[in-house]
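Enquirer: Let me give you the structure first, and then I'll get to my questions.
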Amino acid sequence: MSGPSVFVSRSCPPAGLLRLKQHCQVKVNDATDAPISFEDLKNAVVGIDALFVQPPAVVNKEILDAAGPQLKVVGTMSVGLDHIDLEECKRRGVKVGYTPHVLTKAVAEMALTLTLATARRIQEGFEAVRNGVWGTKWENALWLAGKDVADSVIGIVGLGRIGLETAKRFKGFEPSRIVYCGHNPNPAADEIGAEFVSFDELLQTSDFVVATCSINKENVGLFNAMAFKKMKNSAVFVNTTRGSLVNQDDLYDALVSGEILAAGLDVTTPEPLPPSHKLLTLPNCVVTPHMGSATSKARNGMCEVTVNNILAGLKGDPLPFPAY
């Protein structure tokens with residue numbers, strides 16, 4: 001059909017894609033399930049009017065140059081924007097849309113799931129069943145004994161939309177306290193009795209440290225050797241935001257030395273994490289494949305919002321969810 005051209009960097013939910021095809025000439029990179037390479041993306045965007053991307057596809061000056069001056073809008077099927085050079089897009093008048101709200105509850109549920117799986121040693125339990133270890137160990141009735149969430153101190157790093165929904169879900173497990181840190185107190189924290197504290201106090205007092213903050217230049221590598229040293233030896237660390245928030249070498253050392261008890265990661269650097277990575281050799285490190293938003297409802301909703309952003313940008317209308 002005729003209409004503006006759109007390149008989709010990776011296959012996406014069919015319903016949203018069908019609606020986009022009703023209005024535009026759409027080319028989808030669906031030759032493989034793997035993320036598109038930078039060179040392939042650069043070649044594919046030449047002359048397009050709109051770009052539909054999913055992380056980790058990078059949109060930087062080189063990609064924008066390759067696309068050309070007719071590019072009107074970039075829609076990313078994500079909340080994170082660290083893969084897009086927003087300043088360069090803004091300078092060129094290219095609108096950028098993203099997908100807040102629709103994945104908030106799904107990611108909050110994943111943060112809770114990963115915390116419970118790590119605290120209760122679920123991965124080790126699965127392996128014990130499969131490997132025939134179950135029934136051969138007892139260890140004074142303490143075999144695979146994990147850590148209680150009830151009566152613990154939950155520390156939320158970044159009480160934004162996702163952090164607040166995560167804290168609400170933890171509230172039902174009856175922790176002794178929920179504390180959080182960030183640039184400023186969140187008035188909504190009063191609903192759940194969460195206390196605003198410094199980052200250092202959160203690290204020192206929390207039994208569970210759950211990172212739900214957005215990533216920016218200031219907090220890359222925030223969780224490093226110094227941060228892990230401040231945490232309790234019995235603490236569990238969970239990250240559902242971006243892998244770059246964590247120095248993974250320092251995390252490995254902290255887990256091996258017993259500086260912290262365990263870690264649950266839904267995000268890593270790089271993604272995917274190579275199967276040979278040293279973190280994957282540790283029984284006290286649970287790693288999932290960046291599946292925080294992986295519910296049918298959330299992923300379809302993200303696709304719909306991305307399509308809405310792109311169609312609005314092509315018409316010259318305000319984006320429903322602009323990145324700036």
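How things are named: the first chain in the structure tokens is A, the next is B, and so on; residues count from 1 in each chain; ligands count from 1 in the order shown.
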Could you list, as JSON, numbers by chain, every residue within 6 Å of segment 190-200 of chain A, counting only C-alpha atoms and ignoring same-chain residues fewer than 2 positions away?
Expert: {"A": [178, 179, 180, 181, 185, 188, 202, 203]}
Enquirer: Using only C-alpha atoms, which residues sit within 10 Å of Glu165 of chain A once same-chain residues fewer than 5 positions away are excluded, as a VMD selection string?
Expert: chain A and resid 104 to 109 111 159 to 160 170 to 171
Enquirer: Near Leu114 of chain A, within 8 Å and counting only C-alpha atoms, which residues show up once chain neighbours fewer than 6 positions away are dropped, as a list in words?
Expert: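 The filter keeps Val238, Gly264, Leu265, Asp266 and Val286 of chain A.
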Enquirer: Going by DSSP on the backbone, which residues of segment 17-132 of chain A come out as alpha helix (DSSP H)? List them as an MDAnalysis selection string.
Expert: chainID A and resid 17:21 38:44 61:67 86:92 104:119 122:130
Enquirer: Would you pick out the contacts of segment 19-23 of chain A at 12 Å or less, using only C-alpha atoms, so that residues sharing its chain but fewer than 5 positions from it are not included, and give the list as a count of residues only?
Expert: 27
Enquirer: Rounded to one decimal, what separation in Å do you get between atom CA of Asn300 of chain A and atom CA of Leu71 of chain A?
Expert: 25.1 Å
Enquirer: Between atom CA of Thr113 of chain A and atom CA of Gly132 of chain A, what is the distance, to one decimal in Å?
Expert: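 Atom CA of Gly132 of chain A lies 25.4 Å from atom CA of Thr113 of chain A.
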